[in-house]
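**Q** Take a look at protein33.cif, mmCIF, C-alpha atoms:
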data_my_file
#
loop_
_atom_site.label_atom_id
_atom_site.label_comp_id
_atom_site.auth_asym_id
_atom_site.auth_seq_id
_atom_site.Cartn_x
_atom_site.Cartn_y
_atom_site.Cartn_z
CA MET A 45 109.54 87.98 92.49
CA ASP A 46 110.15 89.41 95.91
CA PRO A 47 106.87 89.96 97.82
CA SER A 48 107.53 93.57 98.72
CA PHE A 49 105.65 96.82 98.27
CA ARG A 50 108.83 98.92 98.10
CA ILE A 51 108.24 101.88 95.86
CA VAL A 52 111.89 102.89 95.49
CA PRO A 53 114.96 100.65 95.70
CA ALA A 54 116.26 100.33 99.23
CA SER A 55 119.90 101.33 99.58
CA ALA A 56 121.30 98.15 101.07
CA PRO A 57 124.97 98.07 102.03
CA LYS A 58 126.64 95.56 99.77
CA SER A 59 129.45 93.34 100.85
CA ALA A 60 132.36 92.08 98.83
CA SER A 61 131.69 89.39 96.29
CA VAL A 62 133.71 87.18 94.00
CA ALA A 63 130.68 86.10 91.98
CA GLU A 64 131.36 88.05 88.81
CA THR A 65 134.91 86.85 88.32
CA SER A 66 134.41 83.31 89.52
CA ASN A 67 135.20 80.25 87.49
CA SER A 68 133.31 76.99 87.63
CA LEU A 69 134.87 76.13 90.98
CA GLY A 70 133.59 79.32 92.60
CA LEU A 71 137.01 80.89 92.99
CA HIS A 72 138.42 84.02 91.40
CA ASP A 73 139.50 83.22 87.82
CA THR A 74 143.04 84.65 87.61
CA LEU A 75 143.65 83.48 84.07
CA ARG A 76 140.76 85.42 82.70
CA TYR A 77 140.51 88.47 84.94
CA GLY A 78 144.00 88.97 86.31
CA PRO A 79 145.16 88.88 89.89
CA ARG A 80 142.57 89.27 92.56
CA THR A 81 142.38 92.76 94.03
CA ILE A 82 140.42 93.95 97.05
CA ALA A 83 139.54 97.21 95.37
CA THR A 84 137.43 95.53 92.73
CA GLU A 85 135.73 93.26 95.22
CA ILE A 86 134.54 95.78 97.79
CA LYS A 87 131.24 97.02 96.50
CA THR A 88 130.84 100.43 98.01
CA GLU A 89 127.40 101.92 98.26
CA GLY A 90 126.30 102.76 94.77
CA GLY A 91 123.83 105.35 96.03
CA LEU A 92 122.39 106.92 92.92
CA LYS A 93 123.87 104.24 90.69
CA ASP A 94 122.18 101.37 92.52
CA ARG A 95 118.94 103.29 92.75
CA LEU A 96 118.77 103.91 89.01
CA HIS A 97 119.99 100.43 88.21
CA SER A 98 117.22 98.70 90.14
CA TRP A 99 114.51 101.29 89.49
CA GLU A 100 112.51 99.48 86.80
CA GLU A 101 112.84 96.18 88.56
CA THR A 102 111.53 97.63 91.82
CA GLN A 103 108.54 99.24 90.14
CA ASP A 104 107.72 96.03 88.30
CA ASN A 105 108.08 94.03 91.49
CA MET A 106 105.73 96.36 93.32
CA LYS A 107 103.06 95.95 90.66
CA LEU A 108 103.41 92.15 90.75
CA THR A 109 103.11 92.16 94.53
CA MET A 110 99.99 94.32 94.28
CA LEU A 111 98.52 91.80 91.83
CA ARG A 112 99.34 89.00 94.22
CA ASN A 113 97.60 90.74 97.10
CA THR A 114 94.49 91.78 95.20
CA GLN A 115 93.92 88.83 92.87
CA GLY A 116 95.87 85.94 94.29
CA LEU A 117 99.18 84.26 93.61
CA HIS A 118 98.07 83.03 90.21
CA ALA A 119 98.07 86.53 88.70
CA PRO A 120 101.79 87.38 88.98
CA MET A 121 102.62 83.74 88.40
CA ARG A 122 100.92 83.77 85.01
CA MET A 123 102.61 87.01 84.04
CA LEU A 124 106.04 85.72 84.99
CA MET A 125 105.40 82.43 83.19
CA GLU A 126 104.46 84.29 80.02
CA ARG A 127 107.63 86.32 80.21
CA LYS A 128 109.72 83.24 80.72
CA LEU A 129 108.15 81.45 77.78
CA VAL A 130 108.79 84.37 75.52
CA SER A 131 112.41 84.79 76.63
CA ALA A 132 113.34 81.24 75.73
CA ASN A 133 115.73 81.81 72.87
CA PRO A 134 117.32 78.67 71.37
CA HIS A 135 119.80 80.63 69.26
CA MET A 136 123.43 81.32 70.03
CA PRO A 137 124.15 84.68 71.65
CA ILE A 138 124.94 86.69 68.49
CA LEU A 139 125.08 90.45 68.32
CA PRO A 140 121.70 92.00 67.39
CA GLN A 141 119.22 90.62 69.94
CA THR A 142 115.70 91.96 69.86
CA ASN A 143 112.79 90.32 71.59
CA LEU A 144 109.63 92.02 70.47
CA GLN A 145 107.35 89.67 72.38
CA LEU A 146 109.16 90.39 75.62
CA ASP A 147 109.03 94.12 74.91
CA ILE A 148 105.28 93.90 74.42
CA LEU A 149 104.79 91.99 77.67
CA MET A 150 106.95 94.44 79.56
CA GLY A 151 105.06 97.37 78.09
CA ARG A 152 107.98 98.98 76.31
CA ASP A 153 107.10 98.08 72.71
CA GLU A 154 106.14 101.67 71.90
CA ALA A 155 108.89 103.31 73.93
CA VAL A 156 112.05 104.71 72.47
CA GLU A 157 114.65 104.55 75.21
CA THR A 158 118.16 105.92 75.37
CA SER A 159 119.55 102.43 74.90
CA ASP A 160 117.82 102.32 71.52
CA VAL A 161 119.42 105.53 70.36
CA PHE A 162 122.86 105.65 71.89
CA LEU A 163 125.76 103.29 72.43
CA GLY A 164 125.33 100.02 70.54
CA PRO A 165 126.08 96.62 72.03
CA LEU A 166 128.47 96.73 74.98
CA ASN A 167 130.72 93.87 73.92
CA GLY A 168 131.87 93.18 70.36
CA PRO A 169 131.24 89.93 68.53
CA PRO A 170 131.39 87.00 70.97
CA LEU A 171 134.97 85.87 71.33
CA ASP A 172 134.25 82.83 73.47
CA ILE A 173 131.07 81.20 72.25
CA ARG A 174 131.41 78.24 74.57
CA HIS A 175 131.60 80.47 77.62
CA ASP A 176 128.60 82.48 76.53
CA MET A 177 126.55 79.35 75.92
CA GLU A 178 127.60 77.97 79.31
CA LYS A 179 126.49 81.18 80.95
CA LYS A 180 123.18 81.13 79.09
CA HIS A 181 122.32 77.59 80.05
CA ARG A 182 123.89 78.04 83.46
CA ILE A 183 126.21 75.09 83.29
CA MET B 1279 105.52 124.18 111.70
CA ASP B 1280 107.93 122.76 114.27
CA HIS B 1281 105.55 120.01 115.30
CA ILE B 1282 105.98 118.28 111.94
CA ASP B 1283 108.66 115.63 112.26
CA MET B 1284 111.34 117.34 110.21
CA ASN B 1285 113.58 114.29 110.30
CA ARG B 1286 111.25 112.60 107.87
CA LEU B 1287 111.05 115.54 105.50
CA LYS B 1288 114.26 116.05 103.61
CA GLN B 1289 115.80 119.49 103.43
CA GLY B 1290 113.55 121.91 101.57
CA GLU B 1291 111.05 119.32 100.45
CA ILE B 1292 107.61 120.53 99.49
CA ASN B 1293 105.29 119.92 102.41
CA LEU B 1294 101.51 119.64 102.49
CA GLY B 1295 101.31 120.94 106.08
CA THR B 1296 97.63 120.81 106.08
CA SER B 1297 94.18 120.43 107.48
CA ILE B 1298 92.21 117.57 105.97
CA MET B 1299 88.97 116.03 107.04
CA ALA B 1300 86.40 113.43 106.10
CA VAL B 1301 83.01 112.82 107.70
CA GLN B 1302 80.50 110.08 107.02
CA PHE B 1303 76.79 110.86 106.94
CA GLU B 1304 73.59 109.12 105.95
CA GLY B 1305 74.06 108.29 102.28
CA GLY B 1306 77.58 109.56 101.64
CA VAL B 1307 80.74 111.22 102.84
CA VAL B 1308 81.94 114.81 102.88
CA ILE B 1309 85.66 115.36 102.48
CA GLY B 1310 87.45 118.67 102.77
CA ALA B 1311 90.89 120.21 102.80
CA ASP B 1312 92.63 123.57 102.89
CA SER B 1313 94.68 124.66 99.89
CA ARG B 1314 98.17 125.54 101.08
CA THR B 1315 101.40 123.79 100.06
CA THR B 1316 104.53 125.06 101.76
CA SER B 1317 108.25 124.69 101.25
CA GLY B 1318 109.70 125.98 104.48
CA SER B 1319 107.93 129.29 105.00
CA TYR B 1320 107.31 129.88 101.30
CA ILE B 1321 103.82 129.00 100.14
CA ALA B 1322 104.54 127.08 96.97
CA ASN B 1323 100.89 126.71 96.00
CA ARG B 1324 98.01 128.57 97.66
CA VAL B 1325 95.24 126.93 95.66
CA THR B 1326 96.25 123.27 95.93
CA ASP B 1327 93.74 120.53 95.40
CA LYS B 1328 94.45 117.95 98.08
CA LEU B 1329 91.38 115.88 97.33
CA THR B 1330 92.66 113.26 94.93
CA PHE B 1331 90.62 110.99 92.72
CA LEU B 1332 91.22 107.28 93.29
CA HIS B 1333 88.06 105.89 91.77
CA ASP B 1334 84.62 107.09 90.69
CA ARG B 1335 83.29 107.13 94.24
CA ILE B 1336 86.53 106.95 96.21
CA TYR B 1337 88.70 109.96 97.00
CA CYS B 1338 91.66 110.48 99.26
CA CYS B 1339 92.86 113.51 101.22
CA ARG B 1340 96.61 113.95 101.30
CA SER B 1341 98.83 115.42 104.00
CA GLY B 1342 102.57 115.27 104.62
CA SER B 1343 105.18 115.34 101.89
CA ALA B 1344 103.62 116.38 98.59
CA ALA B 1345 105.83 114.08 96.51
CA ASP B 1346 105.26 111.03 98.70
CA THR B 1347 101.49 111.39 98.79
CA GLN B 1348 101.28 112.00 95.05
CA ALA B 1349 103.32 108.86 94.38
CA ILE B 1350 101.13 106.77 96.67
CA ALA B 1351 97.93 108.20 95.22
CA ASP B 1352 99.16 107.45 91.69
CA ILE B 1353 99.88 103.83 92.62
CA GLY B 1354 96.50 103.54 94.32
CA HIS B 1355 94.69 105.02 91.31
CA TYR B 1356 96.50 102.67 88.92
CA SER B 1357 95.85 99.59 91.02
CA LEU B 1358 92.16 100.36 91.41
CA GLN B 1359 91.82 100.95 87.67
CA MET B 1360 93.41 97.60 86.89
CA GLN B 1361 91.30 95.84 89.48
CA THR B 1362 88.10 97.34 88.08
CA GLN B 1363 89.01 95.93 84.67
CA VAL B 1364 89.59 92.47 86.08
CA ILE B 1365 86.65 92.10 88.46
CA GLY B 1366 84.24 94.13 86.34
CA ALA B 1367 82.81 96.18 89.19
CA ALA B 1368 83.77 99.17 91.27
CA PRO B 1369 86.13 98.34 94.14
CA THR B 1370 85.09 98.88 97.75
CA VAL B 1371 86.45 101.74 99.82
CA LEU B 1372 88.05 99.15 102.10
CA THR B 1373 90.00 97.74 99.15
CA ALA B 1374 91.26 101.20 98.24
CA ALA B 1375 92.16 101.97 101.84
CA ALA B 1376 93.94 98.63 102.24
CA ILE B 1377 96.02 99.29 99.13
CA MET B 1378 97.03 102.73 100.41
CA GLU B 1379 97.78 101.29 103.84
CA LYS B 1380 100.05 98.59 102.41
CA MET B 1381 102.05 101.20 100.51
CA CYS B 1382 102.31 103.44 103.56
CA TYR B 1383 103.29 100.72 106.02
CA GLN B 1384 105.79 98.82 103.91
CA ASN B 1385 107.61 102.01 102.95
CA LYS B 1386 107.22 103.67 106.33
CA ASP B 1387 110.93 104.31 106.76
CA GLN B 1388 111.06 106.45 103.63
CA LEU B 1389 107.67 108.11 103.55
CA SER B 1390 106.03 111.00 105.33
CA ALA B 1391 102.39 110.66 104.39
CA GLY B 1392 99.10 110.95 106.28
CA ILE B 1393 96.14 109.96 104.12
CA ILE B 1394 92.40 109.79 104.64
CA VAL B 1395 90.51 107.55 102.20
CA ALA B 1396 86.77 108.10 101.97
CA GLY B 1397 83.98 107.20 99.61
CA TRP B 1398 80.86 105.25 98.88
CA ASP B 1399 80.49 101.70 97.66
CA LYS B 1400 77.56 99.42 97.07
CA LYS B 1401 78.52 96.80 99.63
CA ASN B 1402 79.14 98.95 102.72
CA GLY B 1403 77.72 102.33 101.86
CA PRO B 1404 79.72 105.37 102.95
CA SER B 1405 82.95 104.90 104.90
CA VAL B 1406 85.98 106.87 106.08
CA TYR B 1407 89.39 105.31 106.68
CA ASN B 1408 92.21 107.15 108.38
CA ILE B 1409 95.83 106.19 107.59
CA PRO B 1410 98.08 108.25 109.86
CA LEU B 1411 101.88 108.53 109.70
CA GLY B 1412 102.91 105.01 110.81
CA GLY B 1413 100.72 103.25 108.28
CA GLY B 1414 97.90 101.90 110.41
CA LEU B 1415 94.36 101.60 109.09
CA PHE B 1416 91.47 102.90 111.18
CA ARG B 1417 87.83 103.13 110.19
CA GLN B 1418 86.10 106.06 111.85
CA PRO B 1419 82.84 107.98 111.37
CA TRP B 1420 84.87 111.18 111.07
CA ALA B 1421 88.59 111.70 110.69
CA ILE B 1422 90.84 114.74 110.70
CA GLY B 1423 94.47 114.89 109.68
CA GLY B 1424 97.40 117.11 108.93
CA SER B 1425 99.21 119.66 111.05
CA GLY B 1426 96.11 121.82 111.49
CA SER B 1427 94.04 118.98 112.87
CA THR B 1428 95.68 119.17 116.29
CA TYR B 1429 93.95 122.49 116.93
CA VAL B 1430 90.45 121.27 116.23
CA TYR B 1431 90.16 117.92 117.99
CA GLY B 1432 88.26 119.58 120.83
CA TYR B 1433 85.87 121.38 118.51
CA CYS B 1434 85.17 118.17 116.58
CA ASP B 1435 84.61 116.08 119.70
CA ALA B 1436 82.22 118.68 121.07
CA THR B 1437 80.28 119.26 117.87
CA TYR B 1438 79.95 115.96 116.03
CA GLN B 1439 76.57 114.25 116.20
CA GLU B 1440 75.53 111.03 114.54
CA GLY B 1441 72.60 110.99 112.17
CA TRP B 1442 73.34 114.26 110.39
CA GLY B 1443 72.25 114.89 106.86
CA LYS B 1444 74.30 116.36 104.06
CA ASP B 1445 73.95 120.05 104.91
CA GLU B 1446 74.85 119.73 108.58
CA THR B 1447 77.87 117.64 107.68
CA VAL B 1448 79.04 120.18 105.10
CA ASN B 1449 78.71 122.91 107.72
CA PHE B 1450 80.65 120.85 110.24
CA VAL B 1451 83.50 120.31 107.79
CA LYS B 1452 83.50 123.95 106.74
CA ASN B 1453 83.64 125.29 110.29
CA THR B 1454 86.28 122.81 111.42
CA LEU B 1455 88.56 123.58 108.52
CA ALA B 1456 88.09 127.33 108.96
CA LEU B 1457 89.09 127.07 112.61
CA ALA B 1458 92.11 124.92 111.80
CA MET B 1459 93.20 127.27 109.04
CA SER B 1460 92.96 130.28 111.29
CA ARG B 1461 95.29 128.77 113.90
CA ASP B 1462 97.74 126.71 111.87
CA GLY B 1463 100.48 128.48 109.96
CA SER B 1464 100.81 125.74 107.36
CA SER B 1465 97.09 125.66 106.53
CA GLY B 1466 95.25 128.38 104.73
CA GLY B 1467 93.98 129.66 101.42
CA CYS B 1468 90.55 128.38 100.50
CA ILE B 1469 88.45 125.35 101.42
CA ARG B 1470 87.83 122.61 98.90
CA MET B 1471 85.15 120.05 99.63
CA CYS B 1472 83.66 117.03 97.88
CA VAL B 1473 80.36 115.35 98.68
CA ILE B 1474 80.46 111.72 97.53
CA THR B 1475 77.20 109.83 97.30
CA GLU B 1476 75.83 106.97 95.25
CA ASP B 1477 74.67 109.43 92.60
CA GLY B 1478 77.93 111.25 92.09
CA VAL B 1479 80.62 113.57 93.35
CA GLU B 1480 79.80 117.22 93.99
CA ARG B 1481 82.71 119.60 94.36
CA MET B 1482 82.43 122.71 96.50
CA PHE B 1483 84.77 125.66 96.74
CA ILE B 1484 84.84 128.37 99.39
CA PRO B 1485 87.20 131.22 98.60
CA GLY B 1486 89.40 132.66 101.32
CA ASP B 1487 87.36 135.80 101.84
CA GLN B 1488 84.14 133.86 102.45
CA LEU B 1489 85.40 131.54 105.14
CA PRO B 1490 83.32 131.38 108.31
CA ARG B 1491 84.80 133.72 110.89
CA PHE B 1492 84.94 133.19 114.61
CA TRP B 1493 86.30 135.19 117.52
CA GLU B 1494 89.01 137.43 116.21
CA GLY B 1495 89.51 139.71 119.21
CA LYS B 1496 88.55 143.36 119.65
CA GLU B 1497 90.59 146.48 118.95
CA ILE B 1498 91.86 146.84 122.56
CA LEU B 1499 94.70 149.22 121.72
CA SER B 1500 92.33 152.21 121.39
CA ASP B 1501 90.81 151.51 124.86
CA VAL B 1502 94.24 151.71 126.43
CA THR B 1503 94.99 155.08 124.88
CA LYS B 1504 91.56 156.38 125.87
CA LYS B 1505 91.94 155.40 129.52
CA PRO B 1506 94.25 158.19 130.70
CA LEU B 1507 91.90 160.84 129.26
CA ALA B 1508 88.89 159.35 131.05
CA ALA B 1509 90.88 159.11 134.27
CA ILE B 1510 91.90 162.74 134.06
CA ALA B 1511 88.29 163.80 133.35
CA ALA B 1512 87.08 161.88 136.42
CA VAL B 1513 89.66 163.61 138.61
CA MET B 1514 88.55 167.01 137.34
CA ASP B 1515 84.92 166.34 138.34
CA VAL B 1516 85.71 165.66 141.97
CA ALA B 1517 85.34 168.71 144.19
CA PRO B 1518 88.51 169.53 146.17
CA MET B 1519 88.27 168.98 149.91
CA ALA B 1520 90.25 172.04 150.80
CA VAL B 1521 91.14 175.09 148.82
CA GLU B 1522 93.95 177.40 149.64
CA VAL B 1523 92.88 180.93 149.00
#
In structure tokens, write the structure found in this file.
**A**
Amino acid sequence: MDPSFRIVPASAPKSASVAETSNSLGLHDTLRYGPRTIATEIKTEGGLKDRLHSWEETQDNMKLTMLRNTQGLHAPMRMLMERKLVSANPHMPILPQTNLQLDILMGRDEAVETSDVFLGPLNGPPLDIRHDMEKKHRI
Amino acid sequence: MDHIDMNRLKQGEINLGTSIMAVQFEGGVVIGADSRTTSGSYIANRVTDKLTFLHDRIYCCRSGSAADTQAIADIGHYSLQMQTQVIGAAPTVLTAAAIMEKMCYQNKDQLSAGIIVAGWDKKNGPSVYNIPLGGGLFRQPWAIGGSGSTYVYGYCDATYQEGWGKDETVNFVKNTLALAMSRDGSSGGCIRMCVITEDGVERMFIPGDQLPRFWEGKEILSDVTKKPLAAIAAVMDVAPMAVEV
């Protein structure tokens, strides 16, 4: 949680980053993602894209910060701990993943969002289970 | 409308160029506002209600960008609701004002909002808090805000007295707002007022044709056209000094 009362996401200029294509050594993984290109690394200002992408997170963060200021650090801490407990999923990352408890805590258990209606899972069945498990446990 | 910092308002944004006011008296507060919302020179809403409910005995007056102030007021209303549930009692006006001030200050680069928070609470009685454009928090016995307020600072300074009761305070607010509305292009319409006391909130409405009227000038054009006739008549009455026969 970032202690900030920002109502809307700030449009921060992003720099280049290798993080998404990095292997375990922190370098660009050519075997998996192809040769390194500057075009993919320079993150130009998303503008609307970044704003929409971080919208929910910013609103949530603002509410947690408000809780912290009015009730004390314990209040957002408890909420975040509850969310973390509920997100702990011991299973392998298989396709249909629904977390009703997390939805209830986040207040979207009775909401039907576009992601529920359109466009199923982004990636197909997991091709590299080991990689996915490594990512999940952050090895 | 040029004195509003147009750099803050984005092109064509709806603007609450406004006159708002809150005055504390023995036992409560009186808040008031005009009712005009403009978008450029178009009056988008001529019967706006700028007195927004935050809690049972806490209201806020909004001036500046309509969207920004509505967003802040919504967040304030939500936060106070949640806090009431947790602590089990009504929040103080200072709490409400501090919440609004935090929102205004921490987002000051993106917002254009001048807010006055006023109300009554059990701990401190009546209070008025002014949160001008930069996001500072100032407690005052009376506060005016909005574009129309610049025209009535003198009147308020000269007229305000401590120790007034409810009726004198209502009159003070009514007269001040009427004067501001008559001089400011972005204020007008009707006057909406709320009287907040321990017992409740009383809403008052003064339609545009019943506003108090002050000096409005005389019809001087007709005097100017009359003058030559009177002058000619005066000349006719004077006896000539010499007559050529």
**Q** For chain B, which residues have at least one atom within 10 Å of chain A, if we go by all atoms listed in the file? Write them as a list in words, please.
**A** Ala1349, Ile1350, Ile1353, Gly1354, Tyr1356, Ser1357, Leu1358, Met1360, Gln1361, Val1364, Ile1365, Thr1373, Ala1376, Ile1377, Lys1380, Met1381, Cys1382, Tyr1383, Gln1384, Asn1385, Lys1386, Gln1388 and Leu1389 of chain B
**Q** Generate a file of the selected residues that holds C-alpha atoms, formatted as a PDB file, in the frame of the given file.
**A**
ATOM      1  CA  ALA B1349     103.320 108.860  94.380  1.00  0.00           C
ATOM      2  CA  ILE B1350     101.130 106.770  96.670  1.00  0.00           C
ATOM      3  CA  ILE B1353      99.880 103.830  92.620  1.00  0.00           C
ATOM      4  CA  GLY B1354      96.500 103.540  94.320  1.00  0.00           C
ATOM      5  CA  TYR B1356      96.500 102.670  88.920  1.00  0.00           C
ATOM      6  CA  SER B1357      95.850  99.590  91.020  1.00  0.00           C
ATOM      7  CA  LEU B1358      92.160 100.360  91.410  1.00  0.00           C
ATOM      8  CA  MET B1360      93.410  97.600  86.890  1.00  0.00           C
ATOM      9  CA  GLN B1361      91.300  95.840  89.480  1.00  0.00           C
ATOM     10  CA  VAL B1364      89.590  92.470  86.080  1.00  0.00           C
ATOM     11  CA  ILE B1365      86.650  92.100  88.460  1.00  0.00           C
ATOM     12  CA  THR B1373      90.000  97.740  99.150  1.00  0.00           C
ATOM     13  CA  ALA B1376      93.940  98.630 102.240  1.00  0.00           C
ATOM     14  CA  ILE B1377      96.020  99.290  99.130  1.00  0.00           C
ATOM     15  CA  LYS B1380     100.050  98.590 102.410  1.00  0.00           C
ATOM     16  CA  MET B1381     102.050 101.200 100.510  1.00  0.00           C
ATOM     17  CA  CYS B1382     102.310 103.440 103.560  1.00  0.00           C
ATOM     18  CA  TYR B1383     103.290 100.720 106.020  1.00  0.00           C
ATOM     19  CA  GLN B1384     105.790  98.820 103.910  1.00  0.00           C
ATOM     20  CA  ASN B1385     107.610 102.010 102.950  1.00  0.00           C
ATOM     21  CA  LYS B1386     107.220 103.670 106.330  1.00  0.00           C
ATOM     22  CA  GLN B1388     111.060 106.450 103.630  1.00  0.00           C
ATOM     23  CA  LEU B1389     107.670 108.110 103.550  1.00  0.00           C
TER      24      LEU B1389
END
**Q** Neighbouring residues of region 142-149 of chain A were defined as those with any atom within 9 Å, considering all atoms listed in the file; residues of the same chain fewer than 5 positions away were excluded. Please report them as an MDAnalysis selection string.
**A** chainID A and resid 123 126:128 130:131 154
**Q** Can you work out the spacing between CA of Leu1411 (chain B) and CA of Val1479 (chain B) in Å, to one decimal?
**A**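 Going from CA of Leu1411 (chain B) over to CA of Val1479 (chain B) covers 27.3 Å.
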**Q** Could you jot down the CA of Leu1329 (chain B) to CA of Ala1311 (chain B) separation for me, Å, one decimal place?
**A**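 These atoms are spaced 7.0 Å apart.
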**Q** Would you kindly return, as a PyMOL selection string, each protein, DNA or RNA residue with an atom no farther than 9 Å from any atom of Pro137 (chain A), considering all atoms listed in the file and excluding same-chain residues fewer than 5 positions away?
**A** chain A and resi 170+173+176-177+180
**Q** Would you mind listing what lies within 10 Å of Thr1428 (chain B) as a PyMOL selection string, with all atoms listed in the file counted and same-chain residues fewer than 2 positions away left out?
**A** chain B and resi 1281+1297+1422-1426+1430-1432+1458+1461-1462
**Q** Could you take the residues named above and write them with C-alpha atoms, as a PDB file, keeping the file's coordinate frame?
**A**
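And here's result-v3.pdb as it stands now:
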ATOM      1  CA  HIS B1281     105.550 120.010 115.300  1.00  0.00           C
ATOM      2  CA  SER B1297      94.180 120.430 107.480  1.00  0.00           C
ATOM      3  CA  ILE B1422      90.840 114.740 110.700  1.00  0.00           C
ATOM      4  CA  GLY B1423      94.470 114.890 109.680  1.00  0.00           C
ATOM      5  CA  GLY B1424      97.400 117.110 108.930  1.00  0.00           C
ATOM      6  CA  SER B1425      99.210 119.660 111.050  1.00  0.00           C
ATOM      7  CA  GLY B1426      96.110 121.820 111.490  1.00  0.00           C
ATOM      8  CA  VAL B1430      90.450 121.270 116.230  1.00  0.00           C
ATOM      9  CA  TYR B1431      90.160 117.920 117.990  1.00  0.00           C
ATOM     10  CA  GLY B1432      88.260 119.580 120.830  1.00  0.00           C
ATOM     11  CA  ALA B1458      92.110 124.920 111.800  1.00  0.00           C
ATOM     12  CA  ARG B1461      95.290 128.770 113.900  1.00  0.00           C
ATOM     13  CA  ASP B1462      97.740 126.710 111.870  1.00  0.00           C
TER      14      ASP B1462
END
**Q** Run the PyMOL selection byres ((chain B and resi 1344) around 9) against the file shown and list the residues it catches, as a list in words.
**A**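 The output of the PyMOL selection byres ((chain B and resi 1344) around 9) on this file is Glu1291, Ile1292, Asn1293, Leu1294, Thr1315, Arg1340, Ser1341, Gly1342, Ser1343, Ala1345, Asp1346, Thr1347, Gln1348, Ala1349, Ser1390 and Ala1391 of chain B.
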**Q** Could you tell me how far CA of Thr1316 (chain B) lies from CA of Leu96 (chain A), in Å and to one decimal?
**A**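 Between these atoms lies a distance of 28.5 Å.
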**Q** Using the chain letters and residue numbers of this document, give as number ranges by chain the residues selected by the PyMOL selection byres ((chain B and resi 1408) around 12).
**A** B: 1298-1301, 1338-1341, 1371-1372, 1374-1376, 1378-1379, 1382, 1391-1396, 1405-1407, 1409-1424
**Q** Which one of B:Thr1330, B:Gly1305, B:Arg1324, B:Gly1295 sits closest to Cys1468 (chain B) if you count all atoms listed in the file?
**A**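 The shortest atom-to-atom distance to Cys1468 (chain B) comes from B:Arg1324.
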**Q** Do a neighbour search on Asp1399 (chain B) at 10 Å with all atoms listed in the file, toss out local chain neighbours closer than 6 positions, and write the hits as a compact mmCIF listing (two decimals) with C-alpha atoms, keeping the file's coordinate frame.
**A**
# COMPACT_ATOMS: atom_id res chain seq x y z
CA GLY B 1306 77.58 109.56 101.64
CA ASP B 1334 84.62 107.09 90.69
CA ARG B 1335 83.29 107.13 94.24
CA ILE B 1336 86.53 106.95 96.21
CA ALA B 1368 83.77 99.17 91.27
CA PRO B 1369 86.13 98.34 94.14
CA THR B 1370 85.09 98.88 97.75
CA VAL B 1371 86.45 101.74 99.82
CA LEU B 1372 88.05 99.15 102.10
CA SER B 1405 82.95 104.90 104.90
CA THR B 1475 77.20 109.83 97.30
CA GLU B 1476 75.83 106.97 95.25
**Q** Just checking: using only C-alpha atoms, which residue out of B:Gly1467, B:Gly1366, B:Pro1490, B:Gly1478 ends up closest to Thr1296 (chain B)?
**A**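 The answer is B:Gly1467, which sits nearest to Thr1296 (chain B).
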